[in-house]
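The structure under discussion appears below in the form of structure tokens.
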Amino acid sequence: MAIRHLTLLLILFLLIASSTQAQISRPYEPIIITGDTLANFNNCALENLYLFSYNSISDTWRLIPFQFDEINPAYQNARSEIQDSIKYFVPEDSLFGLLDSDDELVFMAADLGDQANTDSWVEETDSNRIEIAFFDSTDNTSGYVYLYFSQSLDETVPSYDELDYDSQNDRISSLNYEIGFNNTGQLSDVKIKETIGGSNEDIFDRIKIRVFLSFLWNFLAADEDSVVSNSVQVKAGPVRIIRNMSGSFIYRFPIFPINEKFIQNSLFYPWNSAFKLVNIPIGNLTGIGIEVDEFRVSWDFNDNSPGMNFYSEFNLGGIPIDGSKDSFNSTIQPGNLNWSMGAGAQGSLLNIFYVPPFGDFINLYYFEATDGSSGDSSIFSYDTGDMKSYGDNGFSLLNNIENSVTTDTKFDFQYYNFFLPPNFSPENASQICEKLKSPLGVITKTQLFTGGTNVTIEQLMKPGGFSLVQNYPNPFNNFTIIKFKLSDSKTVNLRIYNPMGRRVRTLISKTLNAGEHQLSWDGKNDYGTQLSSGIYFFRLETETASVSRKLILIK
């Protein structure tokens with residue numbers, strides 16, 4: 001009898017296990033998808049959209065924190081830093097509050113749920129929904145959310161506790177961290193809160209920047225104090241806070257001053273922040289004969305950090321942060337995301353940053369000293385900030401940097417800060433970085449509820465007798481699949497365009513029979529040349545109609 005009961009329990013366990021899906025595990029990562037992925041809800045009022053996750057064990061639905069950030073595509077596609085700085089703040093449909101293809105849906109990966117059956121709905125009779133399925137290629141896991149359109153639901157969208165912007169002091173806080181900025185607009189304070197086990201002490205000094213330029217017989221050594229904050233705009237929501245700073249690098253050559261403008265787009269979430277300095281025009285310097293011999297960006301802790309340890313991908317054993325010089329492995333991966341971290345009882349600060357492939361020597365920068373010195377060349381023998389270096393870490397580019405760029409080169413410097421619990425492991429830090437390199441794949445299905453009859457539609461047929469499905473995976477690295485459907489035999493053209501509207505690849509140009517068709521694109525142009533990372537568009541055309549969608553190539 002006991003064996004029989006044990007067998008029944010085992011069968012029950014296996015049935016439950018087989019009915020659940022392996023869940024995506026990205027607890028600290030936000031998810032951002034654009035409105036073109038939600039095409040069947042375009043032009044719907046944002047106030048009528050609700051995002052739910054489903055739990056298959058309890059058969060329950062949960063309204064999760066989310067937000068839509070409206071974007072003006074005219075500003076998004078412009079090259080001017082002034083226009084780029086306000087793309088989130090002057091949406092073209094701000095008076096109407098309608099979803100369009102450029103708007104961004106934002107929520108946290110930790111809120112992903114299970115896949116729901118088509119007969120399982122939020123208790124609502126007039127709603128339609130889009131099933132948004134996510135797939136993690138790093139571990140073959142999946143997760144789902146459901147975007148409902150309803151004019152009768154009257155629910156308050158939840159928010160993440162204490163995600164807040166203090167406009168008077170220019171500080172941002174969540175349940176997990178609090179950060180501040182100095183008078184140059186750059187990160188200068190980091191506290192890991194006691195709610196996640198941190199000390200709630202400021203452990204961070206500042207971001208340090210070093211640039212050495214030469215022109216004819218003149219030389220210039222510039223640092224982060226050369227940064228000027230011209231203006232700041234902030235927009236707060238239940239999942240993220242957007243902070244855009246318009247700034248300048250001021251280089252004062254003896255002959256003439258140089259004012260290099262840039263935009264720093266900053267996004268703050270419950271666990272992390274994402275910074276991007278957009279369109280730093282370093283090509284302008286080389287275009288007039290200026291040589292760039294040294295460039296360094298690093299994150300420096302302060303004297304509250306001793307007792308923490310420094311880690312990176314090639315320093316997994318850890319180096320004590322104590323203000324004393326140490327040996328370390330300077331290996332870094334140019335042209336890719338890298339990570340470094342300070343972790344201890346005070347909390348953990350994980351930096352994930354893109355290293356540009358410029359210069360003869362590209363290295364991890366790490367330095368500690370309390371005597372006001374630095375780990376740069378003899379040109380930069382001085383320190384800045386509190387005049388101390390505790391676990392000062394980042395990357396450095398040396399020698400002939402100008403040979404890697406042209407007059408058209410625009411440098412986008414991108415990095416992420418994760419504010420994590422104490423003694424965060426380097427193995428988990430490495431995993432976060434690897435997952436950021438592999439964005440989630442996404443597939444959407446529109447599902448209609450009609451009084452007990454549920455219809456699942458992969459893609460509605462467009463006027464003109466064809467439909468074009470969003471490519472998968474997107475973003476992609478090696479190849480992506482594009483599917484479309486024809487109602488009858490047609491001559492079709494499927495082409496790829498760059499953001500400037502120039503055709504770069506023709507995938508097909510011929511007459512096809514009715515039915516479903518599938519093509520792949522490998523990220524190359526018509527001449528077999530690999531294209532650079534960025535946003536592209538694929539366009540399906542017939543004699544009577546056309547439709548376009550956006551895709552993202554990451555190399």
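Residues in the structure tokens are named by chain (A, B, ... in the order shown) and by number from 1 within that chain; ligands are numbered from 1 in the order shown.
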Can you pull out every residue within 6 Å of region 538-551 of chain A, counting only C-alpha atoms, but drop anything in the same chain fewer than 3 positions away, and send it as a VMD selection string?
-> chain A and resid 464 491 to 496 535
Write out as a VMD selection string each polymer residue whose atoms come within 12 Å of Glu516 (chain A), counting only C-alpha atoms; drop sequence neighbours fewer than 5 positions from it.
-> chain A and resid 458 to 459 461 466 to 469 482 to 489
Include N, CA and C atoms and write out the residues we just selected as a PDB file, in the first residue's frame.
```pdb
ATOM      1  N   GLU A 458      -2.057  34.573 -35.292  1.00  0.00           N
ATOM      2  CA  GLU A 458      -0.626  34.886 -35.281  1.00  0.00           C
ATOM      3  C   GLU A 458      -0.375  36.254 -35.886  1.00  0.00           C
ATOM      4  N   GLN A 459      -1.056  36.585 -36.964  1.00  0.00           N
ATOM      5  CA  GLN A 459      -0.880  37.892 -37.582  1.00  0.00           C
ATOM      6  C   GLN A 459      -2.104  38.166 -38.445  1.00  0.00           C
ATOM      7  N   MET A 461      -4.384  39.489 -41.445  1.00  0.00           N
ATOM      8  CA  MET A 461      -4.105  39.753 -42.849  1.00  0.00           C
ATOM      9  C   MET A 461      -4.247  41.243 -43.123  1.00  0.00           C
ATOM     10  N   PHE A 466      -1.984  40.207 -47.865  1.00  0.00           N
ATOM     11  CA  PHE A 466      -0.787  39.566 -47.326  1.00  0.00           C
ATOM     12  C   PHE A 466      -0.556  40.034 -45.894  1.00  0.00           C
ATOM     13  N   SER A 467       0.258  39.283 -45.177  1.00  0.00           N
ATOM     14  CA  SER A 467       0.641  39.666 -43.821  1.00  0.00           C
ATOM     15  C   SER A 467       2.125  39.420 -43.647  1.00  0.00           C
ATOM     16  N   LEU A 468       2.745  40.229 -42.782  1.00  0.00           N
ATOM     17  CA  LEU A 468       4.180  40.136 -42.513  1.00  0.00           C
ATOM     18  C   LEU A 468       4.369  39.998 -41.008  1.00  0.00           C
ATOM     19  N   VAL A 469       5.013  38.924 -40.589  1.00  0.00           N
ATOM     20  CA  VAL A 469       5.214  38.637 -39.171  1.00  0.00           C
ATOM     21  C   VAL A 469       6.537  39.246 -38.715  1.00  0.00           C
ATOM     22  N   ILE A 482      12.263  35.554 -41.281  1.00  0.00           N
ATOM     23  CA  ILE A 482      11.170  36.461 -41.643  1.00  0.00           C
ATOM     24  C   ILE A 482      10.081  35.633 -42.323  1.00  0.00           C
ATOM     25  N   LYS A 483       8.864  35.685 -41.782  1.00  0.00           N
ATOM     26  CA  LYS A 483       7.747  34.932 -42.337  1.00  0.00           C
ATOM     27  C   LYS A 483       6.684  35.892 -42.866  1.00  0.00           C
ATOM     28  N   PHE A 484       6.021  35.481 -43.945  1.00  0.00           N
ATOM     29  CA  PHE A 484       4.897  36.254 -44.452  1.00  0.00           C
ATOM     30  C   PHE A 484       3.900  35.309 -45.113  1.00  0.00           C
ATOM     31  N   LYS A 485       2.688  35.801 -45.325  1.00  0.00           N
ATOM     32  CA  LYS A 485       1.605  34.980 -45.858  1.00  0.00           C
ATOM     33  C   LYS A 485       0.898  35.735 -46.973  1.00  0.00           C
ATOM     34  N   LEU A 486       0.602  35.027 -48.067  1.00  0.00           N
ATOM     35  CA  LEU A 486      -0.082  35.612 -49.216  1.00  0.00           C
ATOM     36  C   LEU A 486      -1.451  34.966 -49.374  1.00  0.00           C
ATOM     37  N   SER A 487      -2.463  35.784 -49.664  1.00  0.00           N
ATOM     38  CA  SER A 487      -3.812  35.250 -49.864  1.00  0.00           C
ATOM     39  C   SER A 487      -3.970  34.619 -51.235  1.00  0.00           C
ATOM     40  N   ASP A 488      -3.150  35.059 -52.193  1.00  0.00           N
ATOM     41  CA  ASP A 488      -3.155  34.476 -53.534  1.00  0.00           C
ATOM     42  C   ASP A 488      -1.789  34.712 -54.165  1.00  0.00           C
ATOM     43  N   SER A 489      -1.598  34.211 -55.367  1.00  0.00           N
ATOM     44  CA  SER A 489      -0.312  34.348 -56.049  1.00  0.00           C
ATOM     45  C   SER A 489      -0.016  35.817 -56.322  1.00  0.00           C
TER      46      SER A 489
END
```
If you count only C-alpha atoms, which residues fall within 9 Å of region 429-444 of chain A, apart from same-chain ones fewer than 5 positions away, as a ChimeraX atom specification?
-> /A:26,28-29,31,33,37-38,130-138,312-313,336-341,350,352,424,458-459,470-477,554
What does the file look like for those residues with N, CA and C atoms, as a compact mmCIF listing (two decimals), in the first residue's frame?
```
# COMPACT_ATOMS: atom_id res chain seq x y z
N ARG A 26 15.99 35.98 -14.97
CA ARG A 26 16.72 37.24 -15.11
C ARG A 26 16.14 38.22 -14.10
N TYR A 28 17.09 40.62 -12.24
CA TYR A 28 17.48 42.03 -12.10
C TYR A 28 17.33 42.81 -13.41
N GLU A 29 16.83 42.17 -14.45
CA GLU A 29 16.88 42.76 -15.79
C GLU A 29 15.51 43.27 -16.23
N ILE A 31 12.76 44.46 -19.22
CA ILE A 31 12.43 44.10 -20.60
C ILE A 31 11.80 45.31 -21.26
N ILE A 33 10.11 46.36 -25.01
CA ILE A 33 9.71 46.01 -26.36
C ILE A 33 8.98 47.21 -26.97
N THR A 37 6.06 45.59 -32.21
CA THR A 37 5.85 44.19 -31.83
C THR A 37 4.40 43.95 -31.43
N LEU A 38 3.69 45.02 -31.10
CA LEU A 38 2.30 44.94 -30.65
C LEU A 38 1.38 45.58 -31.69
N ILE A 130 -2.90 40.29 -26.27
CA ILE A 130 -1.74 39.82 -27.02
C ILE A 130 -0.89 38.97 -26.07
N GLU A 131 -0.67 37.73 -26.46
CA GLU A 131 0.26 36.87 -25.72
C GLU A 131 1.67 37.22 -26.17
N ILE A 132 2.52 37.61 -25.22
CA ILE A 132 3.91 37.97 -25.53
C ILE A 132 4.80 36.90 -24.92
N ALA A 133 5.39 36.09 -25.77
CA ALA A 133 6.23 34.97 -25.33
C ALA A 133 7.70 35.34 -25.47
N PHE A 134 8.48 35.07 -24.44
CA PHE A 134 9.91 35.36 -24.44
C PHE A 134 10.69 34.05 -24.31
N PHE A 135 11.83 34.00 -25.01
CA PHE A 135 12.66 32.80 -25.02
C PHE A 135 14.11 33.20 -24.77
N ASP A 136 14.73 32.49 -23.83
CA ASP A 136 16.12 32.75 -23.45
C ASP A 136 17.00 31.68 -24.09
N SER A 137 17.80 32.09 -25.07
CA SER A 137 18.64 31.14 -25.80
C SER A 137 19.81 30.63 -24.98
N THR A 138 20.12 31.30 -23.86
CA THR A 138 21.27 30.87 -23.05
C THR A 138 20.97 29.62 -22.23
N SER A 312 36.47 40.65 -11.74
CA SER A 312 36.14 40.83 -13.15
C SER A 312 36.17 39.45 -13.80
N GLU A 313 35.86 39.39 -15.09
CA GLU A 313 35.82 38.09 -15.78
C GLU A 313 37.14 37.35 -15.69
N ASN A 336 32.96 44.42 -27.09
CA ASN A 336 31.99 43.56 -26.44
C ASN A 336 31.66 44.13 -25.06
N LEU A 337 30.64 43.55 -24.43
CA LEU A 337 30.32 43.90 -23.05
C LEU A 337 31.28 43.20 -22.10
N ASN A 338 31.78 43.92 -21.11
CA ASN A 338 32.64 43.39 -20.07
C ASN A 338 32.03 43.73 -18.72
N TRP A 339 32.52 43.08 -17.67
CA TRP A 339 31.99 43.39 -16.34
C TRP A 339 33.10 43.50 -15.32
N SER A 340 32.83 44.30 -14.29
CA SER A 340 33.70 44.40 -13.12
C SER A 340 32.80 44.68 -11.93
N MET A 341 33.25 44.33 -10.73
CA MET A 341 32.37 44.43 -9.56
C MET A 341 33.16 44.63 -8.28
N LEU A 350 27.89 46.24 -9.45
CA LEU A 350 28.32 45.55 -10.66
C LEU A 350 28.25 46.51 -11.83
N ILE A 352 28.69 46.82 -15.93
CA ILE A 352 28.78 46.12 -17.21
C ILE A 352 28.91 47.19 -18.28
N PHE A 424 27.78 39.65 -3.46
CA PHE A 424 27.26 39.04 -4.68
C PHE A 424 28.38 38.25 -5.34
N GLU A 458 -2.06 34.57 -35.29
CA GLU A 458 -0.63 34.89 -35.28
C GLU A 458 -0.38 36.25 -35.89
N GLN A 459 -1.06 36.59 -36.96
CA GLN A 459 -0.88 37.89 -37.58
C GLN A 459 -2.10 38.17 -38.44
N GLN A 470 6.59 39.69 -37.45
CA GLN A 470 7.85 40.19 -36.89
C GLN A 470 8.91 39.10 -36.95
N ASN A 471 10.12 39.49 -37.35
CA ASN A 471 11.20 38.50 -37.45
C ASN A 471 11.52 37.87 -36.10
N TYR A 472 12.12 36.68 -36.14
CA TYR A 472 12.54 35.99 -34.91
C TYR A 472 13.83 35.24 -35.20
N PRO A 473 14.84 35.29 -34.31
CA PRO A 473 14.86 36.13 -33.11
C PRO A 473 15.08 37.60 -33.44
N ASN A 474 14.71 38.45 -32.53
CA ASN A 474 14.91 39.88 -32.68
C ASN A 474 15.08 40.50 -31.30
N PRO A 475 16.26 41.04 -30.99
CA PRO A 475 17.45 41.23 -31.83
C PRO A 475 18.09 39.88 -32.21
N PHE A 476 18.96 39.92 -33.24
CA PHE A 476 19.61 38.69 -33.67
C PHE A 476 21.08 38.93 -33.91
N ASN A 477 21.83 37.82 -33.97
CA ASN A 477 23.28 37.89 -34.16
C ASN A 477 23.71 37.24 -35.45
N ILE A 554 22.76 42.65 -33.88
CA ILE A 554 23.80 42.82 -32.87
C ILE A 554 24.98 41.94 -33.24
```
Would you mind listing what lies within 6 Å of region 40-54 of chain A as a PyMOL selection string, with only C-alpha atoms counted and same-chain residues fewer than 5 positions away left out?
-> chain A and resi 60-64+97-100+113-114+145-151
What does the file look like for those residues with N, CA and C atoms, as a PDB file, in the first residue's frame?
```
ATOM      1  N   THR A  60      -4.176  31.652 -11.588  1.00  0.00           N
ATOM      2  CA  THR A  60      -4.510  33.027 -11.229  1.00  0.00           C
ATOM      3  C   THR A  60      -3.769  34.011 -12.125  1.00  0.00           C
ATOM      4  N   TRP A  61      -4.371  35.183 -12.261  1.00  0.00           N
ATOM      5  CA  TRP A  61      -3.783  36.271 -13.032  1.00  0.00           C
ATOM      6  C   TRP A  61      -3.329  37.374 -12.081  1.00  0.00           C
ATOM      7  N   ARG A  62      -2.241  38.062 -12.452  1.00  0.00           N
ATOM      8  CA  ARG A  62      -1.716  39.152 -11.616  1.00  0.00           C
ATOM      9  C   ARG A  62      -1.370  40.342 -12.500  1.00  0.00           C
ATOM     10  N   LEU A  63      -1.944  41.496 -12.169  1.00  0.00           N
ATOM     11  CA  LEU A  63      -1.575  42.735 -12.850  1.00  0.00           C
ATOM     12  C   LEU A  63      -0.187  43.141 -12.375  1.00  0.00           C
ATOM     13  N   ILE A  64       0.756  43.302 -13.305  1.00  0.00           N
ATOM     14  CA  ILE A  64       2.149  43.562 -12.925  1.00  0.00           C
ATOM     15  C   ILE A  64       2.509  45.021 -13.206  1.00  0.00           C
ATOM     16  N   GLY A  97      -2.500  60.098 -26.407  1.00  0.00           N
ATOM     17  CA  GLY A  97      -2.192  58.935 -25.590  1.00  0.00           C
ATOM     18  C   GLY A  97      -2.478  57.625 -26.278  1.00  0.00           C
ATOM     19  N   LEU A  98      -2.048  57.495 -27.534  1.00  0.00           N
ATOM     20  CA  LEU A  98      -2.286  56.286 -28.315  1.00  0.00           C
ATOM     21  C   LEU A  98      -0.992  55.503 -28.495  1.00  0.00           C
ATOM     22  N   LEU A  99      -1.108  54.186 -28.521  1.00  0.00           N
ATOM     23  CA  LEU A  99       0.048  53.329 -28.770  1.00  0.00           C
ATOM     24  C   LEU A  99       0.412  53.379 -30.243  1.00  0.00           C
ATOM     25  N   ASP A 100       1.691  53.608 -30.532  1.00  0.00           N
ATOM     26  CA  ASP A 100       2.158  53.497 -31.909  1.00  0.00           C
ATOM     27  C   ASP A 100       3.436  52.678 -31.952  1.00  0.00           C
ATOM     28  N   GLY A 113       5.441  35.224 -16.350  1.00  0.00           N
ATOM     29  CA  GLY A 113       4.698  34.097 -15.811  1.00  0.00           C
ATOM     30  C   GLY A 113       4.658  32.928 -16.769  1.00  0.00           C
ATOM     31  N   ASP A 114       3.627  32.089 -16.612  1.00  0.00           N
ATOM     32  CA  ASP A 114       3.461  30.890 -17.428  1.00  0.00           C
ATOM     33  C   ASP A 114       2.590  31.187 -18.641  1.00  0.00           C
ATOM     34  N   VAL A 145       3.883  37.093 -20.758  1.00  0.00           N
ATOM     35  CA  VAL A 145       2.977  38.100 -20.215  1.00  0.00           C
ATOM     36  C   VAL A 145       1.861  38.298 -21.229  1.00  0.00           C
ATOM     37  N   TYR A 146       0.773  38.916 -20.770  1.00  0.00           N
ATOM     38  CA  TYR A 146      -0.394  39.116 -21.626  1.00  0.00           C
ATOM     39  C   TYR A 146      -0.829  40.571 -21.531  1.00  0.00           C
ATOM     40  N   LEU A 147      -0.856  41.226 -22.674  1.00  0.00           N
ATOM     41  CA  LEU A 147      -1.292  42.620 -22.736  1.00  0.00           C
ATOM     42  C   LEU A 147      -2.766  42.637 -23.119  1.00  0.00           C
ATOM     43  N   TYR A 148      -3.602  43.084 -22.194  1.00  0.00           N
ATOM     44  CA  TYR A 148      -5.048  43.121 -22.399  1.00  0.00           C
ATOM     45  C   TYR A 148      -5.482  44.514 -22.840  1.00  0.00           C
ATOM     46  N   PHE A 149      -6.414  44.538 -23.786  1.00  0.00           N
ATOM     47  CA  PHE A 149      -7.111  45.782 -24.121  1.00  0.00           C
ATOM     48  C   PHE A 149      -8.529  45.660 -23.586  1.00  0.00           C
ATOM     49  N   SER A 150      -8.908  46.578 -22.707  1.00  0.00           N
ATOM     50  CA  SER A 150     -10.238  46.538 -22.116  1.00  0.00           C
ATOM     51  C   SER A 150     -10.690  47.948 -21.782  1.00  0.00           C
ATOM     52  N   GLN A 151     -11.942  48.248 -22.113  1.00  0.00           N
ATOM     53  CA  GLN A 151     -12.517  49.549 -21.782  1.00  0.00           C
ATOM     54  C   GLN A 151     -13.326  49.508 -20.493  1.00  0.00           C
TER      55      GLN A 151
END
```
Leaving out Ile192 (chain A) and any residue of its chain fewer than 4 positions from it, which residues lie within 7 Å of it when counting only C-alpha atoms, given as a list in words?
-> Asn176, Tyr177, Glu178, Gly198, Ser199, Asn200, Gly347 and Phe419 of chain A
For the residues selected in the previous step, produce a file with C-alpha atoms as an mmCIF file, in the first residue's frame.
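part.cif written:
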```
data_model
loop_
_atom_site.group_PDB
_atom_site.id
_atom_site.type_symbol
_atom_site.label_atom_id
_atom_site.label_comp_id
_atom_site.auth_asym_id
_atom_site.auth_seq_id
_atom_site.Cartn_x
_atom_site.Cartn_y
_atom_site.Cartn_z
ATOM 1 C CA ASN A 176 17.257 48.555 -3.088
ATOM 2 C CA TYR A 177 19.544 51.562 -3.605
ATOM 3 C CA GLU A 178 19.980 55.328 -3.518
ATOM 4 C CA GLY A 198 23.393 46.613 2.569
ATOM 5 C CA SER A 199 25.039 49.072 4.941
ATOM 6 C CA ASN A 200 23.200 52.140 3.558
ATOM 7 C CA GLY A 347 26.644 45.777 -0.758
ATOM 8 C CA PHE A 419 23.007 47.707 -7.274
#
```
Name the residues of region 509-553 of chain A that fall into strand (DSSP E or B) according to DSSP on the backbone, using the chain letters and numbers of this document, as a ChimeraX atom specification.
-> /A:509-512,515-521,524,530,534-541,546-553
Can I get the selected residues back with C-alpha atoms, as a PDB file, in the first residue's frame?
```pdb
ATOM      1  CA  SER A 509      11.936  39.554 -55.903  1.00  0.00           C
ATOM      2  CA  LYS A 510       9.677  37.094 -57.718  1.00  0.00           C
ATOM      3  CA  THR A 511       6.158  35.731 -58.038  1.00  0.00           C
ATOM      4  CA  LEU A 512       5.103  33.395 -55.229  1.00  0.00           C
ATOM      5  CA  GLY A 515       0.304  30.497 -48.565  1.00  0.00           C
ATOM      6  CA  GLU A 516       2.995  30.902 -45.946  1.00  0.00           C
ATOM      7  CA  HIS A 517       6.591  31.700 -46.883  1.00  0.00           C
ATOM      8  CA  GLN A 518       9.792  31.930 -44.854  1.00  0.00           C
ATOM      9  CA  LEU A 519      13.153  33.555 -45.576  1.00  0.00           C
ATOM     10  CA  SER A 520      16.272  34.104 -43.506  1.00  0.00           C
ATOM     11  CA  TRP A 521      18.714  37.007 -43.366  1.00  0.00           C
ATOM     12  CA  LYS A 524      24.953  40.828 -44.819  1.00  0.00           C
ATOM     13  CA  GLN A 530      28.705  41.903 -42.903  1.00  0.00           C
ATOM     14  CA  GLY A 534      22.063  48.672 -35.402  1.00  0.00           C
ATOM     15  CA  ILE A 535      18.426  49.085 -36.357  1.00  0.00           C
ATOM     16  CA  TYR A 536      17.307  48.013 -39.821  1.00  0.00           C
ATOM     17  CA  PHE A 537      13.933  47.701 -41.544  1.00  0.00           C
ATOM     18  CA  PHE A 538      12.490  44.909 -43.668  1.00  0.00           C
ATOM     19  CA  ARG A 539       9.812  45.802 -46.167  1.00  0.00           C
ATOM     20  CA  LEU A 540       7.396  43.503 -48.040  1.00  0.00           C
ATOM     21  CA  GLU A 541       5.913  44.989 -51.214  1.00  0.00           C
ATOM     22  CA  SER A 546       3.486  47.337 -48.678  1.00  0.00           C
ATOM     23  CA  VAL A 547       4.317  46.928 -44.994  1.00  0.00           C
ATOM     24  CA  SER A 548       7.524  47.486 -43.004  1.00  0.00           C
ATOM     25  CA  ARG A 549       8.864  46.277 -39.667  1.00  0.00           C
ATOM     26  CA  LYS A 550      11.909  47.088 -37.571  1.00  0.00           C
ATOM     27  CA  LEU A 551      14.651  44.611 -36.653  1.00  0.00           C
ATOM     28  CA  ILE A 552      17.867  44.856 -34.638  1.00  0.00           C
ATOM     29  CA  LEU A 553      21.225  43.362 -35.636  1.00  0.00           C
TER      30      LEU A 553
END
```
Exercise: Asp164 (chain A) partners within 10 Å, only C-alpha atoms, chain neighbours under 2 positions left out, as a PyMOL selection string | chain A and resi 160-162+166-167+171-175+178+236-238+240-241+268+270
Dump as a compact mmCIF listing (two decimals), in the first residue's frame, selection limited to C-alpha atoms:
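Output file result.txt is given in full below:
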```txt
# COMPACT_ATOMS: atom_id res chain seq x y z
CA TYR A 160 7.81 49.20 -7.59
CA ASP A 161 7.98 50.52 -4.04
CA GLU A 162 10.07 53.64 -3.48
CA ASP A 166 14.18 63.79 -5.75
CA SER A 167 14.24 66.78 -8.10
CA ARG A 171 18.83 61.89 -6.44
CA ILE A 172 17.19 58.61 -7.45
CA SER A 173 16.19 55.82 -5.10
CA SER A 174 14.42 52.47 -5.09
CA LEU A 175 13.74 49.88 -2.42
CA GLU A 178 19.98 55.33 -3.52
CA ALA A 236 9.33 59.07 -13.74
CA GLY A 237 7.10 56.01 -14.10
CA PRO A 238 6.16 52.89 -12.10
CA ARG A 240 11.71 53.19 -14.68
CA ILE A 241 12.90 56.77 -14.39
CA PHE A 268 16.85 53.73 -13.75
CA PRO A 270 14.42 48.80 -9.37
```
How far is it from CA of Ser188 (chain A) to CA of Asn302 (chain A), in Å with one decimal?
->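 Here the two named atoms are 10.0 Å from each other.
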Can you work out which one of A:Gly185, A:Asn363, A:Gly180, A:Ala369 has the shortest atom-to-atom distance to Ser229 (chain A), counting only C-alpha atoms?
->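 Residue with the minimum atom-to-atom distance to Ser229 (chain A): A:Gly185.
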Could you give me the residues within region 11-260 of chain A that DSSP places in helix (DSSP H, G or I), as a ChimeraX atom specification?
-> /A:11-19,35-41,46-48,73-76,81-85,109-111,194-196,224-226
Okay, now the selection with C-alpha atoms, as a PDB file, in the first residue's frame?
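Everything below was put into part18.pdb:
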```pdb
ATOM      1  CA  ILE A  11       3.011  10.320 -10.939  1.00  0.00           C
ATOM      2  CA  LEU A  12       1.237  13.421  -9.589  1.00  0.00           C
ATOM      3  CA  PHE A  13       4.575  15.219  -9.195  1.00  0.00           C
ATOM      4  CA  LEU A  14       5.600  14.351 -12.752  1.00  0.00           C
ATOM      5  CA  LEU A  15       2.256  15.554 -14.106  1.00  0.00           C
ATOM      6  CA  ILE A  16       2.636  18.879 -12.300  1.00  0.00           C
ATOM      7  CA  ALA A  17       6.238  19.231 -13.416  1.00  0.00           C
ATOM      8  CA  SER A  18       5.366  18.471 -17.024  1.00  0.00           C
ATOM      9  CA  SER A  19       2.569  21.063 -16.987  1.00  0.00           C
ATOM     10  CA  GLY A  35       5.044  49.097 -30.242  1.00  0.00           C
ATOM     11  CA  ASP A  36       5.785  47.559 -33.633  1.00  0.00           C
ATOM     12  CA  THR A  37       5.853  44.189 -31.833  1.00  0.00           C
ATOM     13  CA  LEU A  38       2.297  44.945 -30.648  1.00  0.00           C
ATOM     14  CA  ALA A  39       1.045  46.041 -34.064  1.00  0.00           C
ATOM     15  CA  ASN A  40      -2.527  44.801 -33.602  1.00  0.00           C
ATOM     16  CA  PHE A  41      -2.992  47.182 -30.656  1.00  0.00           C
ATOM     17  CA  LEU A  46      -2.831  53.519 -23.549  1.00  0.00           C
ATOM     18  CA  GLU A  47      -5.232  53.956 -20.633  1.00  0.00           C
ATOM     19  CA  ASN A  48      -7.093  50.837 -21.826  1.00  0.00           C
ATOM     20  CA  PRO A  73      10.102  58.992 -34.084  1.00  0.00           C
ATOM     21  CA  ALA A  74      11.078  62.275 -35.725  1.00  0.00           C
ATOM     22  CA  TYR A  75      13.307  63.005 -32.757  1.00  0.00           C
ATOM     23  CA  GLN A  76      14.439  59.394 -32.411  1.00  0.00           C
ATOM     24  CA  GLU A  81      21.763  65.853 -29.713  1.00  0.00           C
ATOM     25  CA  ILE A  82      19.056  68.392 -28.859  1.00  0.00           C
ATOM     26  CA  GLN A  83      16.408  66.315 -30.631  1.00  0.00           C
ATOM     27  CA  ASP A  84      17.703  63.050 -29.210  1.00  0.00           C
ATOM     28  CA  SER A  85      17.525  64.444 -25.698  1.00  0.00           C
ATOM     29  CA  ALA A 109      11.735  40.060 -16.368  1.00  0.00           C
ATOM     30  CA  ALA A 110      11.104  38.849 -12.809  1.00  0.00           C
ATOM     31  CA  ASP A 111       7.367  39.364 -13.446  1.00  0.00           C
ATOM     32  CA  GLU A 194      19.465  47.839   4.399  1.00  0.00           C
ATOM     33  CA  THR A 195      16.285  46.362   2.874  1.00  0.00           C
ATOM     34  CA  ILE A 196      18.518  44.012   0.837  1.00  0.00           C
ATOM     35  CA  GLU A 224      35.949  64.335 -15.731  1.00  0.00           C
ATOM     36  CA  ASP A 225      36.033  67.868 -14.341  1.00  0.00           C
ATOM     37  CA  SER A 226      36.084  68.992 -17.990  1.00  0.00           C
TER      38      SER A 226
END
```
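Remark: for Phe449 (chain A), the closest of the candidate residues A:Ala274, A:Met387, A:Val122, A:Ile332 is A:Val122 (distances computed over only C-alpha atoms).
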Near Phe361 (chain A), counting only C-alpha atoms, which residues have an atom at most 7 Å away, once you skip same-chain residues fewer than 2 positions from it, shown as a list in words?
->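 Counting only the stated atoms, we get Gly359, Asn363, Leu397, Leu398 and Asn399 of chain A.
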Taking N, CA and C atoms for each residue, export the selection above as an mmCIF file, in the first residue's frame.
```cif
data_model
loop_
_atom_site.group_PDB
_atom_site.id
_atom_site.type_symbol
_atom_site.label_atom_id
_atom_site.label_comp_id
_atom_site.auth_asym_id
_atom_site.auth_seq_id
_atom_site.Cartn_x
_atom_site.Cartn_y
_atom_site.Cartn_z
ATOM 1 N N GLY A 359 42.517 51.941 -30.540
ATOM 2 C CA GLY A 359 43.848 52.072 -29.957
ATOM 3 C C GLY A 359 44.696 50.817 -30.087
ATOM 4 N N ASN A 363 42.949 47.692 -22.354
ATOM 5 C CA ASN A 363 43.152 46.928 -21.127
ATOM 6 C C ASN A 363 42.101 47.241 -20.067
ATOM 7 N N LEU A 397 42.244 52.903 -23.113
ATOM 8 C CA LEU A 397 42.676 52.786 -24.507
ATOM 9 C C LEU A 397 43.939 53.621 -24.656
ATOM 10 N N LEU A 398 44.970 53.053 -25.288
ATOM 11 C CA LEU A 398 46.252 53.745 -25.398
ATOM 12 C C LEU A 398 46.779 53.718 -26.826
ATOM 13 N N ASN A 399 47.335 54.861 -27.246
ATOM 14 C CA ASN A 399 48.160 54.999 -28.452
ATOM 15 C C ASN A 399 47.373 54.814 -29.755
#
```
